$ cat run25.cif   # mmCIF, C-alpha atoms and all ligand atoms
data_upload
loop_
_atom_site.group_PDB
_atom_site.id
_atom_site.type_symbol
_atom_site.label_atom_id
_atom_site.label_comp_id
_atom_site.auth_asym_id
_atom_site.auth_seq_id
_atom_site.Cartn_x
_atom_site.Cartn_y
_atom_site.Cartn_z
ATOM 1 C CA MET A 1 16.980 17.281 -1.748
ATOM 2 C CA THR A 2 14.945 18.367 1.322
ATOM 3 C CA THR A 3 13.816 22.004 1.295
ATOM 4 C CA ASN A 4 11.523 23.564 3.915
ATOM 5 C CA GLY A 5 10.204 20.126 4.868
ATOM 6 C CA SER A 6 9.299 19.305 1.261
ATOM 7 C CA PHE A 7 11.044 16.754 -0.894
ATOM 8 C CA GLN A 8 11.107 15.127 -4.278
ATOM 9 C CA LEU A 9 9.766 11.655 -3.580
ATOM 10 C CA PHE A 10 9.607 9.910 -6.930
ATOM 11 C CA SER A 11 8.905 10.654 -10.539
ATOM 12 C CA SER A 12 5.623 12.057 -11.756
ATOM 13 C CA SER A 13 4.556 12.233 -15.354
ATOM 14 C CA ASP A 14 5.094 16.016 -15.112
ATOM 15 C CA ASP A 15 8.741 15.790 -14.082
ATOM 16 C CA LYS A 16 11.978 14.050 -14.746
ATOM 17 C CA PRO A 17 12.568 11.096 -12.358
ATOM 18 C CA SER A 18 14.291 11.831 -9.071
ATOM 19 C CA LEU A 19 15.836 9.301 -6.678
ATOM 20 C CA GLY A 20 14.288 10.903 -3.633
ATOM 21 C CA LEU A 21 16.704 9.742 -0.956
ATOM 22 C CA GLY A 22 16.480 12.962 1.018
ATOM 23 C CA PHE A 23 13.698 11.677 3.252
ATOM 24 C CA LEU A 24 15.819 8.795 4.586
ATOM 25 C CA GLU A 25 18.776 11.021 5.235
ATOM 26 C CA SER A 26 16.770 13.446 7.353
ATOM 27 C CA SER A 27 15.042 12.501 10.623
ATOM 28 C CA GLU A 28 11.275 12.171 10.160
ATOM 29 C CA PRO A 29 9.549 15.103 11.913
ATOM 30 C CA PRO A 30 6.180 14.442 13.615
ATOM 31 C CA LEU A 31 3.289 15.201 11.277
ATOM 32 C CA PRO A 32 0.924 18.104 12.012
ATOM 33 C CA PRO A 33 -2.712 17.187 12.820
ATOM 34 C CA PRO A 34 -4.560 16.369 9.575
ATOM 35 C CA PRO A 35 -7.007 18.869 8.056
ATOM 36 C CA PRO A 36 -10.675 18.342 8.994
ATOM 37 C CA SER A 37 -12.663 15.999 6.753
ATOM 38 C CA ILE A 38 -15.105 17.900 4.554
ATOM 39 C CA GLU A 39 -17.246 17.368 1.501
ATOM 40 C CA VAL A 40 -16.325 19.829 -1.256
ATOM 41 C CA LEU A 41 -19.275 20.687 -3.488
ATOM 42 C CA SER A 42 -18.779 20.696 -7.235
ATOM 43 C CA SER A 43 -19.893 24.333 -7.226
ATOM 44 C CA GLU A 44 -16.887 25.256 -5.074
ATOM 45 C CA VAL A 45 -14.398 25.446 -7.946
ATOM 46 C CA SER A 46 -11.793 28.027 -7.068
ATOM 47 C CA PRO A 47 -12.440 31.091 -9.293
ATOM 48 C CA SER A 48 -9.069 32.740 -8.664
ATOM 49 C CA VAL A 49 -6.534 29.991 -9.484
ATOM 50 C CA LYS A 50 -5.307 29.756 -13.082
ATOM 51 C CA TYR A 51 -6.221 26.384 -14.598
ATOM 52 C CA THR A 52 -5.114 25.362 -18.069
ATOM 53 C CA VAL A 53 -6.179 22.137 -19.707
ATOM 54 C CA GLU A 54 -4.213 19.745 -21.924
ATOM 55 C CA PRO A 55 -4.860 16.314 -23.457
ATOM 56 C CA VAL A 56 -3.303 13.083 -22.188
ATOM 57 C CA ASN A 57 -3.150 10.249 -24.689
ATOM 58 C CA LEU A 58 -3.550 6.809 -23.178
ATOM 59 C CA ASP A 59 -2.981 4.330 -26.005
ATOM 60 C CA GLY A 60 -5.775 5.802 -28.115
ATOM 61 C CA LEU A 61 -7.990 7.119 -25.310
ATOM 62 C CA THR A 62 -7.721 10.871 -24.776
ATOM 63 C CA LEU A 63 -8.526 12.375 -21.396
ATOM 64 C CA LEU A 64 -8.072 15.992 -20.326
ATOM 65 C CA LYS A 65 -5.907 17.073 -17.411
ATOM 66 C CA GLY A 66 -5.465 20.491 -15.892
ATOM 67 C CA ARG A 67 -2.298 22.233 -14.871
ATOM 68 C CA VAL A 68 -2.148 24.561 -11.865
ATOM 69 C CA SER A 69 0.664 26.136 -9.872
ATOM 70 C CA THR A 70 1.421 24.570 -6.472
ATOM 71 C CA LYS A 71 2.486 28.011 -5.289
ATOM 72 C CA GLU A 72 -0.787 29.610 -6.359
ATOM 73 C CA VAL A 73 -2.979 26.817 -4.931
ATOM 74 C CA LEU A 74 -1.189 26.081 -1.675
ATOM 75 C CA GLY A 75 1.446 28.800 -1.301
ATOM 76 C CA LEU A 76 4.133 26.089 -1.456
ATOM 77 C CA PRO A 77 7.199 25.766 -3.661
ATOM 78 C CA ASN A 78 6.919 23.330 -6.546
ATOM 79 C CA SER A 79 7.645 20.198 -4.470
ATOM 80 C CA ASP A 80 6.336 16.652 -4.899
ATOM 81 C CA LEU A 81 4.818 16.737 -1.452
ATOM 82 C CA VAL A 82 5.147 18.098 2.062
ATOM 83 C CA PRO A 83 4.273 15.282 4.496
ATOM 84 C CA GLY A 84 1.121 15.947 6.497
ATOM 85 C CA ILE A 85 0.441 19.229 4.674
ATOM 86 C CA TYR A 86 0.351 18.524 0.959
ATOM 87 C CA GLU A 87 0.444 14.902 -0.222
ATOM 88 C CA GLY A 88 1.154 15.296 -3.922
ATOM 89 C CA GLY A 89 -2.330 15.646 -5.417
ATOM 90 C CA LEU A 90 -1.483 18.513 -7.790
ATOM 91 C CA LYS A 91 0.813 16.376 -9.948
ATOM 92 C CA LEU A 92 -0.130 13.640 -12.329
ATOM 93 C CA TRP A 93 1.750 10.498 -11.273
ATOM 94 C CA GLU A 94 2.577 7.708 -13.693
ATOM 95 C CA GLY A 95 0.591 5.130 -11.731
ATOM 96 C CA SER A 96 -2.699 6.870 -12.450
ATOM 97 C CA LEU A 97 -2.091 6.490 -16.190
ATOM 98 C CA ASP A 98 -1.138 2.816 -15.685
ATOM 99 C CA LEU A 99 -4.371 2.396 -13.738
ATOM 100 C CA VAL A 100 -6.602 3.891 -16.467
ATOM 101 C CA LYS A 101 -4.927 1.664 -19.084
ATOM 102 C CA ALA A 102 -5.338 -1.398 -16.858
ATOM 103 C CA LEU A 103 -9.029 -0.646 -16.219
ATOM 104 C CA ARG A 104 -9.579 -0.235 -19.927
ATOM 105 C CA SER A 105 -8.017 -3.585 -20.727
ATOM 106 C CA GLU A 106 -9.911 -5.261 -17.866
ATOM 107 C CA ILE A 107 -13.153 -3.969 -19.433
ATOM 108 C CA GLN A 108 -12.079 -5.018 -22.941
ATOM 109 C CA ASN A 109 -11.224 -8.520 -21.637
ATOM 110 C CA GLY A 110 -14.591 -8.831 -19.919
ATOM 111 C CA HIS A 111 -13.066 -8.948 -16.412
ATOM 112 C CA LEU A 112 -14.656 -5.703 -15.249
ATOM 113 C CA SER A 113 -17.696 -3.555 -15.843
ATOM 114 C CA LEU A 114 -18.075 -0.140 -14.245
ATOM 115 C CA LYS A 115 -21.641 0.384 -15.472
ATOM 116 C CA GLY A 116 -24.002 1.225 -12.634
ATOM 117 C CA LYS A 117 -21.242 0.729 -10.029
ATOM 118 C CA ARG A 118 -20.402 2.724 -6.923
ATOM 119 C CA VAL A 119 -16.812 3.778 -7.367
ATOM 120 C CA LEU A 120 -14.430 5.458 -4.926
ATOM 121 C CA GLU A 121 -11.073 6.891 -5.971
ATOM 122 C CA LEU A 122 -8.759 7.262 -2.979
ATOM 123 C CA GLY A 123 -5.887 9.758 -3.184
ATOM 124 C CA CYS A 124 -7.310 11.034 -6.444
ATOM 125 C CA GLY A 125 -5.293 14.166 -7.255
ATOM 126 C CA HIS A 126 -6.160 14.756 -10.930
ATOM 127 C CA GLY A 127 -8.755 11.986 -10.658
ATOM 128 C CA LEU A 128 -8.265 10.447 -14.113
ATOM 129 C CA PRO A 129 -9.128 6.869 -13.019
ATOM 130 C CA GLY A 130 -12.341 8.133 -11.365
ATOM 131 C CA ILE A 131 -13.120 10.227 -14.440
ATOM 132 C CA PHE A 132 -12.658 7.109 -16.564
ATOM 133 C CA ALA A 133 -15.165 5.339 -14.289
ATOM 134 C CA CYS A 134 -17.678 8.170 -14.829
ATOM 135 C CA LEU A 135 -17.226 7.864 -18.589
ATOM 136 C CA GLU A 136 -17.710 4.087 -18.351
ATOM 137 C CA GLY A 137 -21.128 4.562 -16.784
ATOM 138 C CA ALA A 138 -20.468 4.275 -13.033
ATOM 139 C CA ALA A 139 -23.628 5.257 -11.156
ATOM 140 C CA GLU A 140 -21.713 7.198 -8.522
ATOM 141 C CA THR A 141 -18.065 8.182 -8.378
ATOM 142 C CA HIS A 142 -16.646 9.628 -5.174
ATOM 143 C CA PHE A 143 -13.248 11.312 -5.278
ATOM 144 C CA GLN A 144 -11.071 11.651 -2.144
ATOM 145 C CA ASP A 145 -7.930 13.732 -1.677
ATOM 146 C CA PHE A 146 -6.015 14.849 1.417
ATOM 147 C CA ASN A 147 -6.286 18.518 0.392
ATOM 148 C CA ALA A 148 -9.585 20.322 -0.257
ATOM 149 C CA GLU A 149 -7.634 22.821 -2.420
ATOM 150 C CA VAL A 150 -6.651 20.005 -4.789
ATOM 151 C CA LEU A 151 -10.326 19.113 -5.252
ATOM 152 C CA ARG A 152 -11.382 22.754 -5.738
ATOM 153 C CA CYS A 153 -8.587 23.796 -8.072
ATOM 154 C CA LEU A 154 -7.884 20.619 -10.040
ATOM 155 C CA THR A 155 -10.062 17.528 -9.543
ATOM 156 C CA ILE A 156 -13.446 19.212 -9.997
ATOM 157 C CA PRO A 157 -12.288 21.264 -13.024
ATOM 158 C CA ASN A 158 -10.835 18.045 -14.513
ATOM 159 C CA VAL A 159 -14.110 16.186 -13.999
ATOM 160 C CA ASN A 160 -16.020 19.091 -15.575
ATOM 161 C CA ALA A 161 -13.622 19.301 -18.551
ATOM 162 C CA ASN A 162 -13.814 15.560 -19.273
ATOM 163 C CA LEU A 163 -17.521 15.076 -18.721
ATOM 164 C CA ALA A 164 -18.713 18.271 -20.400
ATOM 165 C CA GLU A 165 -18.934 16.782 -23.870
ATOM 166 C CA LYS A 166 -19.104 13.065 -23.306
ATOM 167 C CA SER A 167 -21.694 12.500 -20.595
ATOM 168 C CA GLN A 168 -25.402 12.205 -21.342
ATOM 169 C CA PRO A 169 -27.647 13.865 -18.727
ATOM 170 C CA ASP A 170 -29.884 10.784 -18.289
ATOM 171 C CA ASN A 171 -27.026 8.392 -17.442
ATOM 172 C CA ALA A 172 -24.560 10.854 -15.898
ATOM 173 C CA SER A 173 -22.463 9.521 -13.042
ATOM 174 C CA GLU A 174 -22.988 11.357 -9.772
ATOM 175 C CA ALA A 175 -19.584 12.781 -8.852
ATOM 176 C CA ARG A 176 -18.894 13.875 -5.252
ATOM 177 C CA PHE A 177 -15.700 15.093 -3.640
ATOM 178 C CA PHE A 178 -14.295 14.500 -0.148
ATOM 179 C CA ALA A 179 -11.165 15.936 1.465
ATOM 180 C CA GLY A 180 -9.444 14.569 4.548
ATOM 181 C CA ASP A 181 -7.115 12.011 6.040
ATOM 182 C CA TRP A 182 -7.494 8.267 5.490
ATOM 183 C CA GLY A 183 -7.719 7.801 9.270
ATOM 184 C CA GLU A 184 -10.927 9.855 9.486
ATOM 185 C CA ILE A 185 -12.577 10.246 6.084
ATOM 186 C CA HIS A 186 -14.777 7.123 6.451
ATOM 187 C CA GLN A 187 -17.032 9.204 8.712
ATOM 188 C CA LEU A 188 -17.998 11.300 5.697
ATOM 189 C CA LEU A 189 -17.936 8.847 2.807
ATOM 190 C CA PRO A 190 -21.579 8.035 2.021
ATOM 191 C CA HIS A 191 -21.092 4.306 1.437
ATOM 192 C CA ALA A 192 -18.455 3.534 4.086
ATOM 193 C CA HIS A 193 -19.341 1.349 7.048
ATOM 194 C CA GLU A 194 -19.233 3.512 10.186
ATOM 195 C CA SER A 195 -19.919 6.680 8.197
ATOM 196 C CA GLU A 196 -22.148 9.242 9.892
ATOM 197 C CA MET A 197 -24.678 8.937 7.058
ATOM 198 C CA ASN A 198 -24.915 5.181 7.415
ATOM 199 C CA SER A 199 -25.352 5.324 11.161
ATOM 200 C CA GLU A 200 -28.169 7.851 10.662
ATOM 201 C CA HIS A 201 -29.935 5.751 8.058
ATOM 202 C CA GLY A 202 -29.067 2.411 9.621
ATOM 203 C CA GLN A 203 -27.633 0.874 6.457
ATOM 204 C CA ALA A 204 -24.063 -0.121 5.729
ATOM 205 C CA THR A 205 -23.430 -0.412 2.024
ATOM 206 C CA GLY A 206 -19.978 -0.148 0.538
ATOM 207 C CA TYR A 207 -18.292 0.645 -2.776
ATOM 208 C CA ASP A 208 -18.173 -1.891 -5.597
ATOM 209 C CA VAL A 209 -14.870 -0.639 -6.983
ATOM 210 C CA ILE A 210 -12.099 1.275 -5.204
ATOM 211 C CA LEU A 211 -9.384 2.852 -7.335
ATOM 212 C CA MET A 212 -6.055 4.176 -6.105
ATOM 213 C CA ALA A 213 -2.794 5.155 -7.751
ATOM 214 C CA GLU A 214 0.506 6.018 -6.041
ATOM 215 C CA THR A 215 -1.028 5.980 -2.563
ATOM 216 C CA ILE A 216 1.180 3.407 -0.852
ATOM 217 C CA TYR A 217 4.540 5.170 -0.668
ATOM 218 C CA SER A 218 4.333 6.006 3.051
ATOM 219 C CA ILE A 219 4.517 3.084 5.470
ATOM 220 C CA SER A 220 3.120 5.206 8.294
ATOM 221 C CA ALA A 221 -0.086 5.959 6.306
ATOM 222 C CA GLN A 222 -0.636 2.405 5.040
ATOM 223 C CA ARG A 223 -2.451 1.029 8.117
ATOM 224 C CA ASN A 224 -5.040 3.802 7.899
ATOM 225 C CA LEU A 225 -5.377 3.315 4.143
ATOM 226 C CA TYR A 226 -5.906 -0.426 4.535
ATOM 227 C CA GLY A 227 -8.364 0.172 7.406
ATOM 228 C CA LEU A 228 -10.282 2.590 5.195
ATOM 229 C CA ILE A 229 -10.441 0.080 2.347
ATOM 230 C CA LYS A 230 -11.974 -2.488 4.709
ATOM 231 C CA LYS A 231 -14.564 0.066 5.812
ATOM 232 C CA CYS A 232 -15.414 0.982 2.210
ATOM 233 C CA MET A 233 -15.267 -2.162 0.093
ATOM 234 C CA ILE A 234 -18.610 -3.912 -0.287
ATOM 235 C CA HIS A 235 -18.710 -7.554 0.807
ATOM 236 C CA PRO A 236 -18.307 -10.002 -0.862
ATOM 237 C CA HIS A 237 -17.883 -8.755 -4.446
ATOM 238 C CA GLY A 238 -15.986 -5.465 -3.932
ATOM 239 C CA VAL A 239 -12.636 -4.989 -5.644
ATOM 240 C CA VAL A 240 -9.729 -2.598 -5.376
ATOM 241 C CA TYR A 241 -7.522 -1.683 -8.326
ATOM 242 C CA MET A 242 -4.225 -0.383 -6.981
ATOM 243 C CA ALA A 243 -1.380 1.088 -9.035
ATOM 244 C CA GLY A 244 2.013 1.871 -7.596
ATOM 245 C CA LYS A 245 5.695 1.205 -7.679
ATOM 246 C CA LYS A 246 7.096 -2.088 -6.494
ATOM 247 C CA HIS A 247 9.362 -0.109 -4.158
ATOM 248 C CA TYR A 248 9.504 3.575 -3.304
ATOM 249 C CA PHE A 249 13.213 3.839 -2.699
ATOM 250 C CA GLY A 250 14.050 5.991 0.280
ATOM 251 C CA VAL A 251 10.609 5.865 1.916
ATOM 252 C CA GLY A 252 10.083 2.140 2.341
ATOM 253 C CA GLY A 253 6.578 1.713 0.934
ATOM 254 C CA GLY A 254 5.592 -0.047 -2.276
ATOM 255 C CA THR A 255 3.173 -2.598 -3.694
ATOM 256 C CA ARG A 256 5.064 -5.610 -2.354
ATOM 257 C CA GLN A 257 5.336 -4.212 1.145
ATOM 258 C CA PHE A 258 1.606 -3.267 1.132
ATOM 259 C CA LEU A 259 0.649 -6.727 -0.123
ATOM 260 C CA SER A 260 2.690 -8.447 2.567
ATOM 261 C CA MET A 261 0.590 -6.559 5.157
ATOM 262 C CA LEU A 262 -2.575 -7.823 3.437
ATOM 263 C CA GLU A 263 -1.266 -11.361 3.288
ATOM 264 C CA LYS A 264 -0.489 -11.400 7.025
ATOM 265 C CA GLU A 265 -4.059 -10.392 7.792
ATOM 266 C CA GLY A 266 -5.516 -12.978 5.428
ATOM 267 C CA VAL A 267 -8.745 -11.098 4.597
ATOM 268 C CA MET A 268 -8.007 -10.232 0.962
ATOM 269 C CA SER A 269 -6.225 -11.819 -1.938
ATOM 270 C CA ALA A 270 -4.319 -10.031 -4.704
ATOM 271 C CA THR A 271 -3.842 -10.662 -8.436
ATOM 272 C CA LEU A 272 -1.298 -8.894 -10.607
ATOM 273 C CA VAL A 273 -3.041 -7.125 -13.495
ATOM 274 C CA THR A 274 -0.124 -5.354 -15.225
ATOM 275 C CA GLU A 275 3.556 -4.778 -14.802
ATOM 276 C CA VAL A 276 5.267 -1.793 -16.426
ATOM 277 C CA ALA A 277 9.049 -1.820 -16.689
ATOM 278 C CA ASP A 278 9.997 1.640 -17.892
ATOM 279 C CA GLY A 279 13.718 1.013 -18.292
ATOM 280 C CA SER A 280 14.593 2.361 -14.833
ATOM 281 C CA SER A 281 15.559 0.045 -11.978
ATOM 282 C CA ASN A 282 12.019 0.235 -10.617
ATOM 283 C CA VAL A 283 8.877 -1.511 -11.816
ATOM 284 C CA ARG A 284 5.340 -0.166 -11.697
ATOM 285 C CA GLU A 285 2.440 -2.524 -11.114
ATOM 286 C CA VAL A 286 -1.346 -2.637 -11.068
ATOM 287 C CA TRP A 287 -2.955 -5.123 -8.657
ATOM 288 C CA LYS A 288 -6.523 -6.224 -8.133
ATOM 289 C CA LEU A 289 -7.549 -6.950 -4.526
ATOM 290 C CA SER A 290 -10.671 -8.829 -3.524
ATOM 291 C CA TYR A 291 -12.081 -10.571 -0.440
ATOM 292 C CA LYS A 292 -10.966 -14.197 -0.004
HETATM 293 C C1 LIG B 301 1.391 10.814 -4.933
HETATM 294 S S1 LIG B 301 -0.220 11.469 -4.905
HETATM 295 C C2 LIG B 301 -1.011 10.526 -6.188
HETATM 296 C C3 LIG B 301 -2.118 11.298 -6.831
HETATM 297 C C4 LIG B 301 -2.869 10.556 -7.974
HETATM 298 N N1 LIG B 301 -3.490 9.346 -7.501
HETATM 299 C C5 LIG B 301 -1.965 10.239 -9.128
HETATM 300 O O1 LIG B 301 -1.514 9.076 -9.237
HETATM 301 O O2 LIG B 301 -1.680 11.125 -9.942
HETATM 302 C C6 LIG B 301 -0.866 10.735 -3.409
HETATM 303 C C7 LIG B 301 -2.345 10.951 -3.174
HETATM 304 O O3 LIG B 301 -2.745 10.339 -1.950
HETATM 305 C C8 LIG B 301 -3.359 11.311 -1.092
HETATM 306 N N2 LIG B 301 -2.913 11.045 0.284
HETATM 307 C C9 LIG B 301 -1.649 10.775 0.697
HETATM 308 N N3 LIG B 301 -1.600 10.572 2.022
HETATM 309 C C10 LIG B 301 -2.880 10.710 2.462
HETATM 310 C C11 LIG B 301 -3.496 10.598 3.747
HETATM 311 N N4 LIG B 301 -2.791 10.328 4.844
HETATM 312 N N5 LIG B 301 -4.818 10.777 3.828
HETATM 313 C C12 LIG B 301 -5.545 11.058 2.727
HETATM 314 N N6 LIG B 301 -5.038 11.177 1.485
HETATM 315 C C13 LIG B 301 -3.718 11.011 1.360
HETATM 316 C C14 LIG B 301 -2.879 12.650 -1.597
HETATM 317 O O4 LIG B 301 -3.749 13.711 -1.337
HETATM 318 C C15 LIG B 301 -2.742 12.399 -3.085
HETATM 319 O O5 LIG B 301 -3.966 12.572 -3.713
#
$ encode --input "run25.cif" --output "C-alpha cells" --more "lines below"
Ligand SMILES: C[S@@+](CC[C@H](N)C(=O)[O-])C[C@H]1O[C@@H](n2cnc3c(N)ncnc32)[C@H](O)[C@@H]1O
Amino acid sequence: MTTNGSFQLFSSSDDKPSLGLGFLESSEPPLPPPPPSIEVLSSEVSPSVKYTVEPVNLDGLTLLKGRVSTKEVLGLPNSDLVPGIYEGGLKLWEGSLDLVKALRSEIQNGHLSLKGKRVLELGCGHGLPGIFACLEGAAETHFQDFNAEVLRCLTIPNVNANLAEKSQPDNASEARFFAGDWGEIHQLLPHAHESEMNSEHGQATGYDVILMAETIYSISAQRNLYGLIKKCMIHPHGVVYMAGKKHYFGVGGGTRQFLSMLEKEGVMSATLVTEVADGSSNVREVWKLSYK
C-alpha cells in the first residue's frame, strides 16, 4: 500500500474505501520541517491548474466542489496523503459532508447560529463547512490548510464558486486563507491568542466557532491541533464542531482517542451531535466541544 512515502489512509468521498494498514507495517520516517506559515490572498488563485466544478447534494442543500489533479497541483501521484508534505487537502473526505449536515441540523434545531460569528475551519481542504458558514452569514470565515497550493488551487476557487451567486455584497462574509502547520499557524491567525497581530494591537480575541473534519487521524499531530484550538477558541462561549472517524485503523487516531486526551486535561467537555454508521465496521461521528 505504501508507495514513495505516500499511502492510502482511509476512504474519501472521491474514492472507494481502503483499509490503509500500510502505515503500521512500515516504520514511521521522521517528518520534514513544515512549510512556512503564510496568508494566501484570495487573488492568488492558481491560473495554470485545471479546475472543474461539480455539485454535491447534502440532503437537499447543494454546494459546489472543485476537482483538481494532485499531480498537477503538487507533482505527486494520486495518493491520500504524504505525511509532512501533503496532508490530504485535495480530496473531499466524508467527514466534511457529515459536518455540513450536522451544522445544518444544529441551526434548524436552534442550537447554533453562525450569523455574525468569527469562524475558523482547520484542515479545510475543499472548505465546504467553512463555505456553509459564509452562506449562513458568518461575519468572518478563516480557512486553514497545511498546503498553500490546496488553498490556491481548490479552496479559494470553491469559495468563489459557492459565494458567487448566493452572497449579498452588504452582508458578505470576509473569507481569508492561511497555510501552515498546526504547531505554528497561531502566529498568523488574526484572532488567535499569541498571534503576531494580537500582540501588535494588544488584544486577544478568539473565534466563536471552529470547524474541523477528518483532522484527527494522526496521533503525533493531535497535541499541536489541540494546543491550537485552545489558542483560537474564544472564552467562554466558543465551540468546536469536529467530524471524524471513531478509529482510523492503522494510524491510531480517531474521535475517541482525541476525546480521551481532552478529558484528561479537563478544560473542555464534549457532546455527541451525530453518529453515521455507513455499513462498514467503522463509525463516523460529529462532536461539539466547549469550555467546561
Ligand atoms: C484528511 S484531510 C481533510 C480535509 C477536509 N477537512 C475534508 O474533510 O475533506 C486533513 C486536513 O488537515 C490538514 N492537516 C493535516 N495535518 C496538518 C498539520 N500538521 N498542520 C496543519 N494542517 C494539517 C490537511 O492540510 C488537510 O486539510
$ resolve_selection --input "run25.cif" --expression "the PyMOL selection byres (((not hetatm)) within 7 of (chain B and resi 301))" --output "list in words"
Tyr86, Glu87, Gly88, Gly89, Lys91, Leu92, Trp93, Glu94, Gly95, Ser96, Leu122, Gly123, Cys124, Gly125, His126, Gly127, Asp145, Phe146, Asn147, Gly180, Asp181, Trp182, Gly183, Met212, Ala213, Glu214, Thr215 and Ala221 of chain A
$ resolve_selection --input "run25.cif" --expression "the PyMOL selection byres (((chain A and resi 244-259) around 7) and not hetatm)" --output "number ranges by chain"
A: 20-21, 23-24, 95, 213-214, 216-219, 242-243, 260-263, 282-286
$ residues_near_point --input "run25.cif" --point "(-9.2, 19.0, 7.4)" --cutoff "10 Å" --atoms "only C-alpha atoms" --output "PDB file with C-alpha atoms, keeping the file's coordinate frame"
ATOM      1  CA  PRO A  33      -2.712  17.187  12.820  1.00  0.00           C
ATOM      2  CA  PRO A  34      -4.560  16.369   9.575  1.00  0.00           C
ATOM      3  CA  PRO A  35      -7.007  18.869   8.056  1.00  0.00           C
ATOM      4  CA  PRO A  36     -10.675  18.342   8.994  1.00  0.00           C
ATOM      5  CA  SER A  37     -12.663  15.999   6.753  1.00  0.00           C
ATOM      6  CA  ILE A  38     -15.105  17.900   4.554  1.00  0.00           C
ATOM      7  CA  PHE A 146      -6.015  14.849   1.417  1.00  0.00           C
ATOM      8  CA  ASN A 147      -6.286  18.518   0.392  1.00  0.00           C
ATOM      9  CA  ALA A 148      -9.585  20.322  -0.257  1.00  0.00           C
ATOM     10  CA  ALA A 179     -11.165  15.936   1.465  1.00  0.00           C
ATOM     11  CA  GLY A 180      -9.444  14.569   4.548  1.00  0.00           C
ATOM     12  CA  ASP A 181      -7.115  12.011   6.040  1.00  0.00           C
ATOM     13  CA  GLU A 184     -10.927   9.855   9.486  1.00  0.00           C
ATOM     14  CA  ILE A 185     -12.577  10.246   6.084  1.00  0.00           C
TER      15      ILE A 185
END
$ residues_around --input "run25.cif" --residues "range 57-73 of chain A" --least-positions-apart "6" --cutoff "6 Å" --atoms "all atoms listed in the file" --output "PyMOL selection string"
chain A and resi 51+158+162
$ closest_residue --input "run25.cif" --among "A:Leu228, A:Leu90, A:Ile85, A:Ala138" --to "Val240 in chain A" --atoms "only C-alpha atoms"
A:Leu228
$ atom_distance --input "run25.cif" --atom1 "CA of Glu174 in chain A" --atom2 "CA of Cys232 in chain A"
17.6 Å
$ closest_residue --input "run25.cif" --among "A:His237, A:His142, A:Lys50, A:Lys292" --to "Phe178 in chain A" --atoms "all atoms listed in the file"
A:His142
$ closest_residue --input "run25.cif" --among "A:Ser290, A:Ser269, A:Gln144, A:Asn78" --to "Gly130 in chain A" --atoms "only C-alpha atoms"
A:Gln144
$ closest_residue --input "run25.cif" --among "A:Thr141, A:Asn224, A:Ser173, A:Gln108" --to "Ile210 in chain A" --atoms "only C-alpha atoms"
A:Thr141
$ resolve_selection --input "run25.cif" --expression "the PyMOL selection byres (((chain A and resi 192) around 6) and not hetatm)" --output "MDAnalysis selection string"
chainID A and resid 186 189:191 193 195 206 231:232
$ atom_distance --input "run25.cif" --atom1 "CA of Ala277 in chain A" --atom2 "CA of Leu97 in chain A"
13.9 Å
$ closest_residue --input "run25.cif" --among "A:Gly266, A:Pro29, A:Gly137, A:Pro129" --to "Leu103 in chain A" --atoms "only C-alpha atoms"
A:Pro129
$ residues_around --input "run25.cif" --residues "Leu135 in chain A" --least-positions-apart "3" --cutoff "8 Å" --atoms "all atoms listed in the file" --output "PyMOL selection string"
chain A and resi 131-132+138+163+166-167+173
$ atom_distance --input "run25.cif" --atom1 "CA of Ala139 in chain A" --atom2 "CA of Lys115 in chain A"
6.8 Å
$ build_atoms --input "run25.cif" --residues "range 36-47 of chain A" --atoms "N, CA and C atoms" --output "tab-separated table (two decimals), in the frame of the given file"
chain	number	residue	atom	x	y	z
A	36	PRO	N	-9.37	18.96	8.72
A	36	PRO	CA	-10.68	18.34	8.99
A	36	PRO	C	-11.25	17.71	7.72
A	37	SER	N	-12.02	16.64	7.91
A	37	SER	CA	-12.66	16.00	6.75
A	37	SER	C	-13.86	16.84	6.33
A	38	ILE	N	-13.95	17.14	5.06
A	38	ILE	CA	-15.10	17.90	4.55
A	38	ILE	C	-15.54	17.38	3.18
A	39	GLU	N	-16.81	17.59	2.88
A	39	GLU	CA	-17.25	17.37	1.50
A	39	GLU	C	-17.08	18.69	0.75
A	40	VAL	N	-16.48	18.64	-0.42
A	40	VAL	CA	-16.32	19.83	-1.26
A	40	VAL	C	-17.37	19.73	-2.37
A	41	LEU	N	-18.22	20.73	-2.46
A	41	LEU	CA	-19.27	20.69	-3.49
A	41	LEU	C	-18.71	21.02	-4.86
A	42	SER	N	-19.31	20.46	-5.89
A	42	SER	CA	-18.78	20.70	-7.24
A	42	SER	C	-18.91	22.16	-7.64
A	43	SER	N	-19.77	22.90	-6.94
A	43	SER	CA	-19.89	24.33	-7.23
A	43	SER	C	-18.76	25.15	-6.60
A	44	GLU	N	-17.93	24.51	-5.78
A	44	GLU	CA	-16.89	25.26	-5.07
A	44	GLU	C	-15.58	25.36	-5.84
A	45	VAL	N	-15.63	25.30	-7.16
A	45	VAL	CA	-14.40	25.45	-7.95
A	45	VAL	C	-13.77	26.79	-7.63
A	46	SER	N	-12.47	26.78	-7.40
A	46	SER	CA	-11.79	28.03	-7.07
A	46	SER	C	-11.81	28.97	-8.28
A	47	PRO	N	-12.36	30.19	-8.14
A	47	PRO	CA	-12.44	31.09	-9.29
A	47	PRO	C	-11.13	31.83	-9.55
